[in-house]
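Next comes my_file.cif, a file with mmCIF, C-alpha atoms.
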```
data_model
loop_
_atom_site.label_atom_id
_atom_site.label_comp_id
_atom_site.auth_asym_id
_atom_site.auth_seq_id
_atom_site.Cartn_x
_atom_site.Cartn_y
_atom_site.Cartn_z
CA MET A 277 11.02 17.86 1.01
CA ARG A 278 7.62 16.54 -0.02
CA ILE A 279 6.28 13.79 2.26
CA PHE A 280 3.45 11.46 1.26
CA ASP A 281 1.95 8.79 3.54
CA ALA A 282 1.14 5.87 1.26
CA HIS A 283 -0.88 3.89 3.83
CA ARG A 284 -3.71 5.30 5.91
CA VAL A 285 -7.17 4.11 6.91
CA LEU A 286 -10.02 6.61 6.72
CA GLY A 287 -13.04 6.02 8.95
CA PRO A 288 -13.81 3.98 12.07
CA VAL A 289 -11.78 0.87 12.87
CA PRO A 290 -14.09 -1.78 14.37
CA GLY A 291 -13.09 -3.43 17.62
CA ASP A 292 -10.11 -1.17 18.23
CA HIS A 293 -9.61 1.73 20.60
CA VAL A 294 -8.30 4.18 18.05
CA PRO A 295 -9.96 7.46 17.16
CA SER A 296 -12.13 7.44 14.07
CA SER A 297 -10.65 9.73 11.42
CA ASP A 298 -12.86 11.87 9.23
CA ILE A 299 -11.30 13.91 6.44
CA ALA A 300 -10.92 17.06 8.56
CA GLY A 301 -9.29 15.13 11.39
CA LEU A 302 -6.99 13.31 9.00
CA LEU A 303 -5.85 16.53 7.35
CA ALA A 304 -5.21 18.08 10.75
CA GLU A 305 -3.05 15.10 11.72
CA LEU A 306 -1.11 15.32 8.46
CA ASP A 307 -0.48 19.01 9.14
CA HIS A 308 0.65 18.22 12.68
CA LEU A 309 3.21 15.74 11.35
CA GLY A 310 4.29 17.85 8.39
CA VAL A 311 2.95 15.39 5.81
CA ASP A 312 1.76 16.77 2.49
CA GLY A 313 -0.70 14.08 1.45
CA ALA A 314 -1.83 10.50 1.93
CA ALA A 315 -3.28 7.46 0.22
CA VAL A 316 -6.35 6.39 2.19
CA THR A 317 -8.32 3.16 2.29
CA PRO A 318 -11.96 3.57 3.41
CA SER A 319 -12.46 1.50 6.55
CA ASP A 320 -15.90 0.20 5.53
CA GLU A 321 -14.37 -1.36 2.42
CA LEU A 322 -11.39 -2.73 4.34
CA TYR A 323 -13.19 -4.24 7.34
CA GLY A 324 -16.61 -4.89 5.82
CA ASP A 325 -17.98 -6.30 2.61
CA PRO A 326 -16.57 -4.24 -0.27
CA ALA A 327 -19.72 -4.93 -2.29
CA ARG A 328 -21.88 -3.28 0.41
CA ALA A 329 -19.60 -0.33 1.11
CA ARG A 330 -20.41 3.15 -0.09
CA HIS A 331 -17.25 3.51 -2.21
CA ARG A 332 -16.95 7.23 -1.69
CA ASP A 333 -13.93 9.11 -2.94
CA ALA A 334 -12.11 11.10 -0.27
CA GLY A 335 -12.62 14.09 -2.52
CA HIS A 336 -9.65 16.19 -1.42
CA ALA A 337 -6.63 17.24 -3.44
CA ARG A 338 -4.23 16.02 -0.74
CA LEU A 339 -5.78 12.55 -0.53
CA VAL A 340 -5.65 9.59 -2.91
CA THR A 341 -8.44 7.07 -2.39
CA VAL A 342 -7.35 3.42 -2.50
CA PRO A 343 -10.42 1.24 -3.14
CA VAL A 344 -10.60 -2.32 -1.88
CA ILE A 345 -11.38 -4.85 -4.58
CA LEU A 346 -12.46 -8.47 -4.27
CA PRO A 347 -11.58 -10.51 -7.37
CA ALA A 348 -14.05 -13.36 -7.74
CA VAL A 349 -16.59 -14.77 -10.17
CA PRO A 350 -19.40 -12.29 -11.03
CA GLY A 351 -21.83 -11.93 -8.18
CA ALA A 352 -19.32 -13.08 -5.56
CA GLY A 353 -16.81 -10.24 -5.63
CA TRP A 354 -16.46 -6.52 -6.09
CA PRO A 355 -16.84 -5.13 -8.66
CA ASP A 356 -18.26 -7.65 -11.11
CA GLY A 357 -15.10 -7.78 -13.19
CA PRO A 358 -11.65 -6.25 -13.65
CA GLY A 359 -12.86 -4.09 -16.49
CA ALA A 360 -14.76 -1.91 -14.03
CA VAL A 361 -11.54 -1.33 -12.09
CA VAL A 362 -9.66 -0.47 -15.26
CA ASP A 363 -12.41 1.98 -16.28
CA ALA A 364 -12.28 3.68 -12.86
CA ALA A 365 -8.48 3.99 -13.19
CA PRO A 366 -7.56 4.27 -9.49
CA ALA A 367 -3.98 5.19 -8.62
CA LEU A 368 -3.75 2.04 -6.49
CA VAL A 369 -6.07 -0.75 -5.33
CA ARG A 370 -5.96 -2.88 -2.21
CA ALA A 371 -6.85 -6.53 -1.74
CA CYS A 372 -7.34 -8.58 1.44
CA PRO A 373 -7.46 -12.25 0.42
CA VAL A 374 -7.57 -13.69 3.93
CA ARG A 375 -10.08 -11.21 5.35
CA HIS A 376 -12.32 -11.38 2.30
CA ARG A 377 -11.79 -15.09 1.63
CA PHE A 378 -10.48 -15.43 -1.90
CA ALA A 379 -7.44 -17.07 -3.46
CA LEU A 380 -4.81 -14.45 -4.23
CA THR A 381 -3.33 -16.60 -6.98
CA GLY A 382 -6.47 -18.51 -7.95
CA PRO A 383 -7.43 -18.59 -11.64
CA VAL A 384 -10.05 -15.85 -11.35
CA ALA A 385 -7.84 -13.48 -9.34
CA LEU A 386 -4.90 -14.02 -11.68
CA GLY A 387 -7.09 -12.92 -14.56
CA TRP A 388 -7.86 -9.72 -12.68
CA TRP A 389 -4.21 -9.06 -11.84
CA ARG A 390 -3.18 -9.50 -15.45
CA GLU A 391 -5.78 -6.98 -16.61
CA LEU A 392 -4.81 -4.50 -13.90
CA ALA A 393 -1.13 -4.93 -14.70
CA ALA A 394 -1.82 -4.28 -18.39
CA ALA A 395 -3.64 -1.09 -17.41
CA GLY A 396 -0.79 0.02 -15.14
CA ILE A 397 -2.83 -0.20 -11.91
CA PRO A 398 -0.72 -1.35 -8.93
CA LEU A 399 -1.89 -3.47 -6.00
CA ALA A 400 -1.32 -2.99 -2.26
CA THR A 401 -1.66 -5.86 0.17
CA ASP A 402 -0.76 -6.39 3.81
CA ALA A 403 2.28 -8.56 4.56
CA GLY A 404 0.94 -9.64 7.93
CA GLU A 405 -2.30 -10.87 6.40
CA VAL A 406 -1.05 -12.35 3.15
CA GLY A 407 2.48 -13.49 3.95
CA LEU A 408 5.53 -12.86 1.81
CA ASP A 409 5.35 -16.33 0.26
CA ARG A 410 1.98 -15.49 -1.29
CA VAL A 411 3.29 -12.15 -2.51
CA ARG A 412 6.20 -13.98 -4.10
CA ALA A 413 3.85 -16.45 -5.75
CA LEU A 414 1.73 -13.61 -7.11
CA VAL A 415 4.56 -11.61 -8.66
CA THR A 416 6.09 -14.80 -10.04
CA ALA A 417 2.79 -15.58 -11.78
CA VAL A 418 2.21 -11.97 -12.92
CA PRO A 419 5.66 -10.34 -13.05
CA GLU A 420 4.36 -7.20 -14.76
CA LEU A 421 2.09 -6.37 -11.77
CA ARG A 422 3.45 -3.69 -9.44
CA VAL A 423 2.82 -4.59 -5.79
CA LEU A 424 3.21 -2.47 -2.65
CA VAL A 425 3.81 -4.65 0.41
CA LEU A 426 2.21 -2.97 3.42
CA SER A 427 3.29 -3.23 7.09
CA PRO A 428 6.06 -5.83 6.82
CA GLY A 429 7.77 -6.79 10.06
CA TYR A 430 11.36 -5.79 10.63
CA ARG A 431 12.26 -9.42 11.35
CA CYS A 432 11.71 -10.30 7.68
CA LEU A 433 14.32 -7.91 6.28
CA ARG A 434 16.27 -10.73 4.62
CA GLU A 435 13.13 -12.04 2.93
CA LEU A 436 12.20 -8.54 1.80
CA ALA A 437 15.66 -7.97 0.35
CA GLU A 438 15.40 -11.21 -1.63
CA LEU A 439 11.89 -10.37 -2.82
CA LEU A 440 12.95 -6.90 -3.98
CA THR A 441 16.08 -8.22 -5.67
CA VAL A 442 14.31 -10.91 -7.66
CA HIS A 443 11.07 -9.07 -8.47
CA PRO A 444 11.53 -5.51 -9.79
CA GLY A 445 7.81 -4.69 -9.55
CA VAL A 446 7.69 -5.03 -5.76
CA TYR A 447 7.81 -2.02 -3.41
CA VAL A 448 7.88 -2.08 0.40
CA GLU A 449 6.31 0.28 2.92
CA THR A 450 8.77 1.44 5.59
CA GLY A 451 6.52 2.38 8.52
CA THR A 452 6.83 -0.90 10.42
CA LEU A 453 10.52 -1.48 9.67
CA ALA A 454 11.43 -0.28 13.13
CA ALA A 455 14.78 -2.05 13.60
CA ALA A 456 17.70 0.33 14.07
CA GLY A 457 19.25 0.80 10.66
CA GLY A 458 16.74 -1.53 9.00
CA VAL A 459 15.47 0.93 6.39
CA GLU A 460 19.03 2.00 5.59
CA TRP A 461 20.13 -1.61 5.16
CA LEU A 462 17.22 -2.41 2.86
CA ALA A 463 17.87 0.75 0.84
CA ARG A 464 21.47 -0.31 0.33
CA GLN A 465 20.38 -3.82 -0.67
CA ALA A 466 17.58 -2.96 -3.10
CA GLY A 467 17.61 0.80 -3.63
CA ALA A 468 15.67 3.58 -1.94
CA HIS A 469 13.45 3.83 -5.02
CA ARG A 470 11.78 0.58 -3.91
CA LEU A 471 10.93 1.85 -0.42
CA VAL A 472 7.77 3.86 0.27
CA PHE A 473 6.97 5.92 3.34
CA GLY A 474 3.71 4.89 4.99
CA THR A 475 2.34 4.60 8.50
CA GLY A 476 -0.83 2.46 8.53
CA ALA A 477 -2.38 5.03 10.86
CA PRO A 478 -4.54 5.07 12.87
CA VAL A 479 -4.16 1.30 13.31
CA TRP A 480 -0.39 1.71 13.50
CA ASP A 481 1.53 4.61 15.00
CA ASP A 482 2.29 7.48 12.65
CA ALA A 483 4.62 9.61 14.80
CA GLY A 484 7.32 6.93 14.98
CA PRO A 485 7.66 6.42 11.21
CA ARG A 486 7.58 10.19 10.69
CA PHE A 487 10.40 10.64 13.23
CA GLN A 488 12.32 7.80 11.58
CA LEU A 489 12.04 9.50 8.20
CA ASP A 490 13.70 12.64 9.56
CA HIS A 491 16.61 10.66 11.00
CA LEU A 492 17.46 8.19 8.25
CA ARG A 493 21.20 7.95 7.68
CA LEU A 494 20.92 8.04 3.92
CA PRO A 495 21.77 10.59 1.22
CA ASP A 496 19.18 13.34 0.88
CA ALA A 497 18.17 12.07 -2.57
CA ASP A 498 17.38 8.63 -1.12
CA VAL A 499 15.33 10.10 1.71
CA GLU A 500 13.34 12.17 -0.79
CA LEU A 501 12.59 9.02 -2.77
CA ILE A 502 11.32 7.21 0.31
CA ALA A 503 9.34 10.24 1.48
CA ALA A 504 7.34 10.67 -1.72
CA GLY A 505 9.23 9.92 -4.92
CA SER A 506 8.96 6.14 -4.81
CA PHE A 507 5.19 6.21 -4.40
CA ALA A 508 4.84 8.70 -7.24
CA ALA A 509 6.86 6.35 -9.45
CA LEU A 510 4.86 3.33 -8.29
CA ARG A 511 1.53 4.85 -9.27
CA ALA A 512 2.90 6.22 -12.54
CA GLY A 513 4.69 3.02 -13.53
CA GLU A 514 8.00 4.85 -13.86
CA THR A 515 11.50 4.37 -12.49
CA PRO A 516 12.39 7.32 -10.23
#
```

Could you express the structure from this file as structure tokens?
Amino acid sequence: MRIFDAHRVLGPVPGDHVPSSDIAGLLAELDHLGVDGAAVTPSDELYGDPARARHRDAGHARLVTVPVILPAVPGAGWPDGPGAVVDAAPALVRACPVRHRFALTGPVALGWWRELAAAGIPLATDAGEVGLDRVRALVTAVPELRVLVLSPGYRCLRELAELLTVHPGVYVETGTLAAAGGVEWLARQAGAHRLVFGTGAPVWDDAGPRFQLDHLRLPDADVELIAAGSFAALRAGETP
């Protein structure tokens, strides 16, 4: 079974006592856990000013770089406009509206999301930072945009089920859904094809989600979707 971690941070995490991960260290950790590849967000883009970051591609066949974008008027965001993102054609982009101080559903950002949606570029954003209400507002305003909700808490399973049921372009990362039977319940409610394996490492634990994946009480085909198939469909804009 192919396993792909859809949520990792590459580089030092400021103010936290977690080991900094370079590419060699990350690949060694993936090998240790039996994970084939990962989508990685550079830490300097995530925790710093995206406009001042180095924007380096991870440059390895097993890694997919997820750039952080900041949709704002020219000169206030990164890059200057959505066209630059479309031209770069990343598999996935990430946005942090609270950390980087912009309105997720403001008029400028909505223009960006519409252009990205038209180009088939999905968005990842953190549930703990943004809140599910803002995610709901975003996908209501731009229903064609595919959105991966990162690190949702297991206490919001009912809200997640409703969000997935109403909005077909929404996907949910499973790594922080640690309630016993929570992933299985959500898979039965909305379909395993909407659930994506990810860990959030090194900020979040990666061994626990990896153990959980091996012990899901779901049909093998559903586990394979969660392990890698759902993310592949998300980035390709296809239904697995």

Q. Which one of A:Gly353, A:Gly513, A:Gly467, A:Pro288 sits closest to A:Leu501 if you count all atoms listed in the file?
A.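 Once distances to A:Leu501 are computed over all atoms listed in the file, the minimum belongs to A:Gly467.
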
Q.
Just want the 6 Å neighbourhood of A:Arg284, counted on all atoms listed in the file, with same-chain residues fewer than 3 positions away dropped. Output as a ChimeraX atom specification.
A. /A:316,476-477

Q: Could you check which of A:Pro373, A:Gly429, A:Gly484, A:Pro366 is closest to A:Pro347, using all atoms listed in the file?
A: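 The answer is A:Pro373, which sits nearest to A:Pro347.
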
Q) For the point (-1.1, 10.2, 3.4) in file coordinates, what residues are within 6 Å, counting only C-alpha atoms? Give the answer as number ranges by chain? A) A: 280-282, 313-315

Q: Would you kindly return, as a PyMOL selection string, each protein, DNA or RNA residue with an atom no farther than 9 Å from any atom of A:Ala395, considering all atoms listed in the file and excluding same-chain residues fewer than 4 positions away?
A: chain A and resi 362+365+390-391

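For the pair atom CA of A:Leu440 and atom CA of A:Pro343, the interatomic distance is 24.8 Å.
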
Q | Residues matched by the PyMOL selection byres ((chain A and resi 463) around 12), written as a VMD selection string | A | chain A and resid 433 436 to 437 440 to 441 447 to 450 453 457 to 462 464 to 472 492 to 495 497 to 499 501 to 502 506

Rebuild N, CA and C atoms on stretch 452-479 of chain A, as a compact mmCIF listing (two decimals), in the coordinates of the input?
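result34.txt, written as the output of this step:
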```txt
# COMPACT_ATOMS: atom_id res chain seq x y z
N THR A 452 6.68 0.10 9.37
CA THR A 452 6.83 -0.90 10.42
C THR A 452 8.23 -1.53 10.44
N LEU A 453 9.14 -1.00 9.65
CA LEU A 453 10.52 -1.48 9.67
C LEU A 453 11.28 -0.72 10.75
N ALA A 454 10.99 -1.08 11.98
CA ALA A 454 11.43 -0.28 13.13
C ALA A 454 12.80 -0.67 13.68
N ALA A 455 13.45 -1.67 13.12
CA ALA A 455 14.78 -2.05 13.60
C ALA A 455 15.78 -0.93 13.32
N ALA A 456 16.69 -0.71 14.26
CA ALA A 456 17.70 0.33 14.07
C ALA A 456 18.52 0.04 12.82
N GLY A 457 18.50 0.97 11.89
CA GLY A 457 19.25 0.80 10.66
C GLY A 457 18.60 -0.10 9.63
N GLY A 458 17.38 -0.59 9.91
CA GLY A 458 16.74 -1.53 9.00
C GLY A 458 16.40 -0.93 7.65
N VAL A 459 15.83 0.27 7.67
CA VAL A 459 15.47 0.93 6.39
C VAL A 459 16.73 1.23 5.59
N GLU A 460 17.77 1.70 6.28
CA GLU A 460 19.03 2.00 5.59
C GLU A 460 19.62 0.74 4.96
N TRP A 461 19.58 -0.36 5.69
CA TRP A 461 20.13 -1.61 5.16
C TRP A 461 19.37 -2.06 3.92
N LEU A 462 18.03 -1.98 3.99
CA LEU A 462 17.22 -2.41 2.86
C LEU A 462 17.42 -1.49 1.66
N ALA A 463 17.60 -0.19 1.93
CA ALA A 463 17.87 0.75 0.84
C ALA A 463 19.19 0.43 0.15
N ARG A 464 20.19 0.04 0.93
CA ARG A 464 21.47 -0.31 0.33
C ARG A 464 21.36 -1.62 -0.46
N GLN A 465 20.54 -2.54 0.00
CA GLN A 465 20.38 -3.82 -0.67
C GLN A 465 19.60 -3.70 -1.98
N ALA A 466 18.52 -2.95 -1.96
CA ALA A 466 17.58 -2.96 -3.10
C ALA A 466 17.36 -1.60 -3.74
N GLY A 467 17.82 -0.53 -3.10
CA GLY A 467 17.61 0.80 -3.63
C GLY A 467 16.48 1.53 -2.94
N ALA A 468 16.70 2.79 -2.62
CA ALA A 468 15.67 3.58 -1.94
C ALA A 468 14.44 3.78 -2.80
N HIS A 469 14.59 3.64 -4.12
CA HIS A 469 13.45 3.83 -5.02
C HIS A 469 12.42 2.72 -4.90
N ARG A 470 12.72 1.67 -4.13
CA ARG A 470 11.78 0.58 -3.91
C ARG A 470 11.11 0.68 -2.54
N LEU A 471 11.45 1.69 -1.78
CA LEU A 471 10.93 1.85 -0.42
C LEU A 471 9.99 3.05 -0.38
N VAL A 472 8.85 2.87 0.28
CA VAL A 472 7.77 3.86 0.27
C VAL A 472 7.39 4.21 1.70
N PHE A 473 7.39 5.49 2.01
CA PHE A 473 6.97 5.92 3.34
C PHE A 473 5.47 5.71 3.53
N GLY A 474 5.11 5.09 4.63
CA GLY A 474 3.71 4.89 4.99
C GLY A 474 3.63 4.58 6.47
N THR A 475 2.46 4.77 7.05
CA THR A 475 2.34 4.60 8.50
C THR A 475 1.31 3.54 8.91
N GLY A 476 0.25 3.35 8.10
CA GLY A 476 -0.83 2.46 8.53
C GLY A 476 -1.72 3.06 9.58
N ALA A 477 -1.58 4.36 9.84
CA ALA A 477 -2.38 5.03 10.86
C ALA A 477 -3.86 5.05 10.45
N PRO A 478 -4.77 5.04 11.43
CA PRO A 478 -4.54 5.07 12.87
C PRO A 478 -4.35 3.70 13.52
N VAL A 479 -4.36 2.62 12.73
CA VAL A 479 -4.16 1.30 13.31
C VAL A 479 -2.74 1.18 13.85
```
